[in-house]
>>> print(open('upload-v1.cif').read())   # mmCIF, C-alpha atoms and all ligand atoms
data_final
loop_
_atom_site.label_atom_id
_atom_site.label_comp_id
_atom_site.auth_asym_id
_atom_site.auth_seq_id
_atom_site.Cartn_x
_atom_site.Cartn_y
_atom_site.Cartn_z
CA MET G 1331 214.88 -46.75 -55.85
CA THR G 1332 212.98 -49.80 -57.10
CA ASP G 1333 213.97 -51.75 -60.20
CA ALA G 1334 210.84 -50.52 -61.95
CA ILE G 1335 211.98 -46.88 -61.99
CA ARG G 1336 215.76 -47.33 -62.15
CA PRO G 1337 217.00 -45.73 -65.40
CA PRO G 1338 218.26 -48.28 -67.94
CA GLN G 1339 222.05 -48.67 -68.10
CA ILE G 1340 223.20 -47.51 -71.51
CA ARG G 1341 226.17 -49.51 -72.75
CA VAL G 1342 225.92 -49.00 -76.50
CA ALA G 1343 226.51 -45.86 -78.57
CA VAL G 1344 225.91 -45.12 -82.24
CA ILE G 1345 228.28 -42.71 -84.00
CA PRO G 1346 227.08 -41.92 -87.54
CA VAL G 1347 229.86 -41.04 -89.97
CA ALA G 1348 228.18 -41.74 -93.29
CA GLY G 1349 227.25 -38.14 -94.21
CA LYS G 1350 228.43 -36.45 -97.40
CA GLY G 1351 230.46 -33.75 -95.66
CA THR G 1352 229.67 -31.22 -98.39
CA ARG G 1353 230.80 -28.31 -96.22
CA TRP G 1354 234.31 -29.78 -96.47
CA ASN G 1355 234.34 -30.18 -100.26
CA PRO G 1356 236.59 -30.79 -102.12
CA ILE G 1357 238.63 -32.47 -99.32
CA THR G 1358 235.80 -34.92 -98.57
CA ARG G 1359 235.93 -36.29 -102.12
CA SER G 1360 239.02 -38.21 -101.01
CA VAL G 1361 239.23 -37.98 -97.18
CA ALA G 1362 236.48 -38.60 -94.63
CA LYS G 1363 235.90 -35.41 -92.62
CA GLU G 1364 235.88 -37.53 -89.45
CA LEU G 1365 239.58 -38.25 -90.03
CA LEU G 1366 240.59 -34.59 -90.34
CA PRO G 1367 242.84 -33.61 -87.42
CA VAL G 1368 241.66 -31.51 -84.52
CA TRP G 1369 244.93 -30.64 -82.85
CA ARG G 1370 246.68 -34.03 -82.40
CA ARG G 1371 243.78 -36.44 -82.91
CA THR G 1372 241.19 -37.17 -85.59
CA SER G 1373 238.04 -35.12 -85.21
CA ALA G 1374 235.83 -38.15 -84.52
CA SER G 1375 238.14 -39.43 -81.74
CA TYR G 1376 236.66 -36.90 -79.38
CA ALA G 1377 233.14 -38.31 -79.64
CA PHE G 1378 234.52 -41.85 -79.38
CA GLU G 1379 236.50 -40.97 -76.27
CA GLU G 1380 233.59 -39.09 -74.75
CA ALA G 1381 231.46 -42.23 -75.17
CA ILE G 1382 234.03 -44.49 -73.53
CA ALA G 1383 234.59 -42.06 -70.67
CA ALA G 1384 230.80 -42.03 -70.10
CA GLY G 1385 230.86 -45.83 -69.62
CA ILE G 1386 229.93 -47.01 -73.13
CA GLU G 1387 231.17 -50.54 -73.88
CA GLU G 1388 230.10 -50.97 -77.49
CA VAL G 1389 230.45 -48.35 -80.22
CA ILE G 1390 228.63 -48.83 -83.53
CA PHE G 1391 229.89 -46.64 -86.37
CA VAL G 1392 227.42 -46.08 -89.18
CA VAL G 1393 229.66 -45.84 -92.25
CA SER G 1394 229.07 -45.32 -95.95
CA PRO G 1395 230.38 -48.04 -98.28
CA ASP G 1396 233.39 -45.87 -99.21
CA LYS G 1397 234.22 -44.79 -95.64
CA HIS G 1398 235.46 -48.02 -94.09
CA GLY G 1399 238.69 -46.23 -93.22
CA VAL G 1400 236.93 -44.43 -90.37
CA PHE G 1401 235.91 -47.72 -88.81
CA GLU G 1402 239.38 -49.25 -89.34
CA HIS G 1403 240.88 -46.24 -87.57
CA PHE G 1404 238.79 -46.87 -84.45
CA LEU G 1405 239.20 -50.62 -84.59
CA ARG G 1406 242.83 -50.04 -83.74
CA PHE G 1407 242.10 -47.34 -81.13
CA ASP G 1408 244.95 -46.47 -78.87
CA ALA G 1409 243.83 -47.98 -75.60
CA SER G 1410 247.08 -47.07 -73.82
CA ASP G 1411 246.49 -43.38 -74.43
CA LEU G 1412 242.78 -43.51 -73.64
CA GLY G 1413 243.29 -45.56 -70.49
CA ALA G 1414 245.74 -43.07 -69.12
CA ARG G 1415 243.69 -40.00 -70.00
CA TYR G 1416 240.16 -40.97 -69.15
CA GLN G 1417 239.66 -44.03 -67.08
CA GLY G 1418 242.73 -44.88 -65.09
CA GLU G 1419 242.02 -48.29 -66.64
CA SER G 1420 244.73 -50.61 -67.95
CA PRO G 1421 244.96 -50.62 -71.79
CA ARG G 1422 244.22 -54.34 -71.80
CA HIS G 1423 241.10 -53.90 -69.74
CA LEU G 1424 239.93 -51.04 -71.95
CA HIS G 1425 240.45 -53.10 -75.13
CA GLU G 1426 238.53 -55.97 -73.54
CA ARG G 1427 235.79 -53.66 -72.28
CA VAL G 1428 235.13 -51.69 -75.47
CA LYS G 1429 233.85 -53.38 -78.63
CA VAL G 1430 233.88 -51.48 -81.93
CA ARG G 1431 231.73 -52.48 -84.87
CA ALA G 1432 230.37 -50.95 -88.07
CA CYS G 1433 227.15 -51.06 -90.01
CA ILE G 1434 226.65 -49.68 -93.49
CA GLN G 1435 224.36 -46.89 -94.66
CA GLU G 1436 224.31 -47.59 -98.39
CA GLU G 1437 223.27 -44.06 -99.30
CA ALA G 1438 223.30 -40.81 -97.28
CA ARG G 1439 219.54 -40.44 -96.76
CA GLY G 1440 219.73 -38.34 -93.61
CA LEU G 1441 220.72 -38.67 -89.96
CA GLY G 1442 217.47 -40.40 -88.98
CA HIS G 1443 218.04 -43.00 -91.69
CA ALA G 1444 221.67 -43.48 -90.52
CA ILE G 1445 220.47 -44.26 -86.98
CA LEU G 1446 217.86 -46.65 -88.37
CA CYS G 1447 220.66 -48.57 -90.14
CA ALA G 1448 222.05 -49.46 -86.67
CA GLU G 1449 218.78 -51.04 -85.50
CA ASN G 1450 219.94 -54.67 -85.75
CA ASP G 1451 223.22 -53.97 -83.98
CA VAL G 1452 221.54 -51.97 -81.21
CA ALA G 1453 219.43 -55.10 -80.69
CA ASN G 1454 216.58 -53.77 -78.61
CA ARG G 1455 218.75 -52.00 -76.01
CA PRO G 1456 218.62 -48.36 -74.89
CA PHE G 1457 221.43 -46.50 -76.65
CA ALA G 1458 223.25 -43.21 -77.02
CA VAL G 1459 223.94 -41.24 -80.19
CA LEU G 1460 226.94 -38.94 -80.57
CA LEU G 1461 227.43 -36.73 -83.63
CA PRO G 1462 231.18 -36.48 -84.16
CA ASP G 1463 230.85 -33.10 -85.92
CA GLU G 1464 230.39 -31.61 -82.48
CA VAL G 1465 233.39 -31.57 -80.19
CA LEU G 1466 232.48 -30.80 -76.58
CA MET G 1467 235.23 -29.62 -74.25
CA GLU G 1468 233.46 -31.27 -71.28
CA ASN G 1469 231.84 -34.68 -71.34
CA GLY G 1470 228.26 -34.01 -72.47
CA LEU G 1471 227.14 -37.62 -72.80
CA SER G 1472 227.85 -38.38 -69.15
CA ARG G 1473 225.23 -35.74 -68.20
CA ILE G 1474 222.43 -37.55 -70.02
CA ILE G 1475 223.49 -41.18 -69.99
CA GLY G 1476 221.27 -42.06 -67.02
CA ILE G 1477 218.12 -40.58 -68.62
CA THR G 1478 216.19 -41.99 -71.61
CA PRO G 1479 215.04 -40.54 -73.88
CA SER G 1480 217.08 -37.40 -73.53
CA VAL G 1481 219.06 -34.79 -75.38
CA LEU G 1482 221.81 -32.41 -74.38
CA LEU G 1483 220.80 -28.77 -74.88
CA MET G 1484 222.71 -25.53 -74.98
CA GLU G 1485 221.75 -21.88 -74.77
CA VAL G 1486 222.38 -20.10 -78.11
CA PRO G 1487 222.43 -16.36 -78.93
CA TYR G 1488 219.20 -14.92 -80.34
CA ALA G 1489 220.45 -14.51 -83.93
CA GLN G 1490 221.72 -18.10 -84.05
CA ARG G 1491 218.40 -19.70 -83.15
CA SER G 1492 217.68 -20.06 -86.86
CA HIS G 1493 220.71 -22.39 -87.24
CA TYR G 1494 219.54 -25.06 -84.78
CA GLY G 1495 216.73 -27.31 -83.66
CA ILE G 1496 215.12 -25.34 -80.81
CA VAL G 1497 213.03 -26.91 -78.06
CA ALA G 1498 209.84 -25.85 -76.33
CA GLY G 1499 209.42 -27.06 -72.75
CA HIS G 1500 209.49 -26.39 -69.03
CA GLU G 1501 212.80 -25.91 -67.26
CA HIS G 1502 213.39 -26.89 -63.66
CA HIS G 1503 216.91 -26.78 -62.14
CA GLY G 1504 218.75 -27.24 -65.47
CA ARG G 1505 216.46 -30.12 -66.56
CA VAL G 1506 213.90 -29.42 -69.31
CA THR G 1507 210.79 -31.44 -70.05
CA ILE G 1508 210.61 -31.05 -73.82
CA THR G 1509 207.16 -30.68 -75.31
CA ASP G 1510 208.12 -29.83 -78.91
CA LEU G 1511 211.04 -29.24 -81.25
CA VAL G 1512 211.21 -26.69 -84.05
CA GLU G 1513 213.89 -27.02 -86.73
CA LYS G 1514 215.74 -23.78 -87.57
CA PRO G 1515 212.97 -21.31 -86.58
CA ASP G 1516 212.87 -17.61 -87.27
CA PRO G 1517 214.52 -16.23 -84.04
CA ALA G 1518 211.44 -14.14 -83.24
CA LEU G 1519 209.20 -17.22 -83.40
CA ALA G 1520 211.57 -19.62 -81.58
CA PRO G 1521 209.92 -21.12 -78.49
CA SER G 1522 213.13 -20.71 -76.42
CA GLY G 1523 216.85 -20.10 -76.76
CA LEU G 1524 217.68 -23.77 -76.07
CA ALA G 1525 219.20 -25.67 -79.00
CA VAL G 1526 219.59 -29.40 -79.50
CA THR G 1527 223.22 -30.57 -79.55
CA GLY G 1528 224.47 -33.85 -81.03
CA ARG G 1529 224.22 -35.97 -77.89
CA TYR G 1530 221.12 -38.10 -77.36
CA THR G 1531 219.86 -41.18 -75.55
CA PHE G 1532 216.96 -43.28 -76.80
CA ASN G 1533 214.93 -46.33 -75.98
CA PRO G 1534 214.59 -48.80 -78.87
CA ASP G 1535 211.09 -47.43 -79.60
CA ILE G 1536 212.75 -44.55 -81.52
CA PHE G 1537 213.20 -47.08 -84.36
CA ASP G 1538 209.40 -47.36 -84.70
CA TYR G 1539 209.27 -43.60 -85.29
CA LEU G 1540 212.26 -43.64 -87.68
CA ARG G 1541 210.89 -46.54 -89.72
CA THR G 1542 207.67 -44.65 -90.37
CA GLN G 1543 209.25 -41.21 -90.78
CA GLU G 1544 208.52 -39.42 -94.06
CA PRO G 1545 211.44 -37.61 -95.70
CA GLY G 1546 211.62 -33.97 -94.57
CA HIS G 1547 214.14 -31.16 -95.13
CA HIS G 1548 216.40 -31.89 -98.20
CA GLY G 1549 214.25 -35.01 -98.88
CA GLU G 1550 216.11 -36.77 -96.00
CA ILE G 1551 214.84 -38.81 -93.04
CA GLN G 1552 215.46 -36.34 -90.23
CA LEU G 1553 216.08 -37.47 -86.65
CA THR G 1554 214.49 -34.24 -85.39
CA ASP G 1555 211.22 -35.03 -87.18
CA ALA G 1556 211.06 -38.49 -85.55
CA MET G 1557 211.88 -36.96 -82.15
CA ARG G 1558 209.12 -34.45 -82.64
CA ARG G 1559 206.63 -37.28 -83.06
CA LEU G 1560 208.14 -39.05 -80.06
CA THR G 1561 207.60 -35.98 -77.84
CA ALA G 1562 203.92 -36.06 -78.73
CA ASP G 1563 203.72 -39.55 -77.11
CA HIS G 1564 206.43 -39.46 -74.39
CA PRO G 1565 208.29 -36.53 -72.90
CA ILE G 1566 211.98 -36.25 -73.81
CA SER G 1567 214.24 -34.79 -71.13
CA GLY G 1568 216.73 -32.08 -71.93
CA VAL G 1569 219.82 -31.32 -69.86
CA ILE G 1570 221.52 -27.98 -70.34
CA TYR G 1571 225.22 -28.08 -71.21
CA ARG G 1572 227.15 -24.94 -70.32
CA GLY G 1573 230.62 -25.91 -71.57
CA THR G 1574 232.26 -25.08 -74.90
CA ARG G 1575 231.11 -26.79 -78.11
CA HIS G 1576 232.94 -26.66 -81.44
CA ASP G 1577 231.24 -27.41 -84.76
CA VAL G 1578 234.06 -29.20 -86.58
CA GLY G 1579 231.77 -30.01 -89.51
CA GLN G 1580 233.01 -26.75 -91.04
CA PRO G 1581 236.44 -25.09 -91.37
CA MET G 1582 236.11 -22.27 -88.80
CA GLY G 1583 234.93 -24.67 -86.08
CA LEU G 1584 237.78 -27.07 -86.76
CA LEU G 1585 240.31 -24.25 -86.52
CA THR G 1586 238.96 -22.93 -83.21
CA ALA G 1587 238.70 -26.45 -81.77
CA SER G 1588 242.34 -27.12 -82.68
CA LEU G 1589 243.41 -23.85 -81.10
CA ASP G 1590 241.35 -24.53 -77.97
CA PHE G 1591 243.02 -27.94 -77.49
CA ALA G 1592 246.45 -26.57 -78.39
CA LEU G 1593 246.14 -23.77 -75.82
CA LYS G 1594 245.15 -26.36 -73.19
CA ASP G 1595 248.01 -28.74 -74.06
CA PRO G 1596 250.66 -28.23 -71.34
CA GLU G 1597 253.41 -29.44 -73.70
CA TYR G 1598 252.67 -26.91 -76.46
CA ARG G 1599 250.60 -24.15 -74.91
CA ASP G 1600 253.43 -21.57 -74.56
CA GLN G 1601 254.76 -22.24 -78.03
CA VAL G 1602 251.26 -22.00 -79.57
CA ARG G 1603 250.60 -18.73 -77.80
CA LYS G 1604 253.87 -17.28 -79.13
CA GLU G 1605 253.15 -18.45 -82.68
CA VAL G 1606 249.64 -16.99 -82.61
CA GLU G 1607 250.90 -13.69 -81.20
CA ALA G 1608 253.58 -13.51 -83.90
CA LEU G 1609 251.00 -14.17 -86.60
CA LEU G 1610 248.67 -11.52 -85.22
CA HIS G 1611 251.56 -9.07 -85.04
CA THR G 1612 252.50 -9.76 -88.71
CA ASP G 1613 248.85 -9.46 -89.72
CA ALA G 1614 248.51 -6.07 -87.99
CA ARG G 1615 251.41 -4.54 -89.96
P1 LIG H 1701 225.49 -33.42 -91.03
O1 LIG H 1701 224.17 -32.80 -90.95
O2 LIG H 1701 226.66 -32.64 -90.52
O3 LIG H 1701 225.70 -33.86 -92.55
O4 LIG H 1701 225.40 -34.81 -90.27
P2 LIG H 1701 226.95 -34.17 -93.43
O5 LIG H 1701 226.39 -34.72 -94.68
O6 LIG H 1701 227.98 -35.04 -92.78
O7 LIG H 1701 227.69 -32.77 -93.67
P3 LIG H 1701 227.38 -31.58 -94.69
O8 LIG H 1701 226.24 -30.82 -94.09
O9 LIG H 1701 227.08 -32.21 -96.03
O10 LIG H 1701 228.67 -30.80 -94.72
C1 LIG H 1701 225.59 -34.96 -88.87
C2 LIG H 1701 226.20 -36.35 -88.64
O11 LIG H 1701 225.35 -37.36 -89.18
C3 LIG H 1701 226.05 -38.17 -90.11
C4 LIG H 1701 227.24 -37.31 -90.56
O12 LIG H 1701 228.32 -38.16 -90.98
C5 LIG H 1701 227.56 -36.50 -89.32
O13 LIG H 1701 228.41 -37.22 -88.44
N1 LIG H 1701 225.15 -38.53 -91.23
C6 LIG H 1701 224.38 -37.58 -91.84
C7 LIG H 1701 225.10 -39.85 -91.66
O14 LIG H 1701 225.80 -40.73 -91.10
N2 LIG H 1701 224.28 -40.17 -92.70
C8 LIG H 1701 223.51 -39.25 -93.33
O15 LIG H 1701 222.78 -39.62 -94.28
C9 LIG H 1701 223.56 -37.92 -92.89
#
>>> encode(input="upload-v1.cif", output="structure tokens")
Amino acid sequence: MTDAIRPPQIRVAVIPVAGKGTRWNPITRSVAKELLPVWRRTSASYAFEEAIAAGIEEVIFVVSPDKHGVFEHFLRFDASDLGARYQGESPRHLHERVKVRACIQEEARGLGHAILCAENDVANRPFAVLLPDEVLMENGLSRIIGITPSVLLMEVPYAQRSHYGIVAGHEHHGRVTITDLVEKPDPALAPSGLAVTGRYTFNPDIFDYLRTQEPGHHGEIQLTDAMRRLTADHPISGVIYRGTRHDVGQPMGLLTASLDFALKDPEYRDQVRKEVEALLHTDAR
């Protein structure tokens, strides 16, 4: 492979955590939803760890002025635990390798606007975006990290097509060349059953599209709208993820994610199973 066509190495990831979290009201009036626990960790730790395990060396959190606690939490990340679980790296090496920084989104004006707030810190490099509301049980970012621009896709049931951004494109061996994106279509009019998940890679040119993006749904600057314009100029690649995904941006998803991790935790699995069976038994009476 020549240098000219070698994919750019992505070393920087943006994790936006400045949203309002209205689906978690009233809790989110005092606690950031990203700090709610999913089993034994904070919900946003999973995206952070996924990024590090995919080779990311710099994580930029986009925070709202009142959510500095989320950034502080990751500033002190537990390298000993992460090193043992993901990398086989020494904690010292991991702390030296991974930089954590924050930039502020003054007002929640949409996901696209949140990403735009990280422009200076991304500093003209290709970068990844991970939405911490989505917890993936297998590393999704590592599947797309060598391809820019790209997005991780997943197959969704027919009736749920209206809940997601759905792509149009041509599939070849699990890789999709995306030609268009439709936000929350009527299932009968959806161009496919492939939905966009919260894992992306971009070249810095996405900022040109975000800067000029008109507000869309809810009067917010939507990342999907900017990506739609990008696809008209350059193809975006999609890679299909077939693992489990939990939407921890809402209560049911957080509960099932916690249970999924708990049932996979060798230390607690048997106890959790017994407790759940006992609860189900009581409920059935
Ligand atoms: P969501 O669409 O889940 O929005 O954002 P939200 O505001 O957090 O949650 P609800 O719908 O009101 O319950 C997806 C990701 O983008 C971030 C969120 O923090 C979340 O991680 N985001 C969204 C921002 O950082 N800024 C925004 O203006 C909007």
>>> residues_near_ligand(input="upload-v1.cif", ligand="ligand LIG 1701 (chain H)", cutoff="10 Å", atoms="all atoms listed in the file", output="PyMOL selection string")
chain G and resi 1344-1355+1358+1362-1364+1374+1391-1394+1434-1445+1447+1459-1464+1528+1550-1553+1577-1580
>>> atom_distance(input="upload-v1.cif", atom1="CA of Pro1356 (chain G)", atom2="CA of Trp1369 (chain G)")
21.0 Å
>>> closest_residue(input="upload-v1.cif", among="G:Ala1518, G:Val1506, G:Ala1525, G:Val1400", to="Leu1365 (chain G)", atoms="all atoms listed in the file")
G:Val1400
>>> closest_residue(input="upload-v1.cif", among="G:Val1368, G:Leu1466, G:Ala1383, G:Ile1474", to="Gln1339 (chain G)", atoms="only C-alpha atoms")
G:Ile1474
>>> closest_residue(input="upload-v1.cif", among="G:His1548, G:Ser1588, G:Asp1396, G:Arg1603", to="Thr1372 (chain G)", atoms="all atoms listed in the file")
G:Ser1588
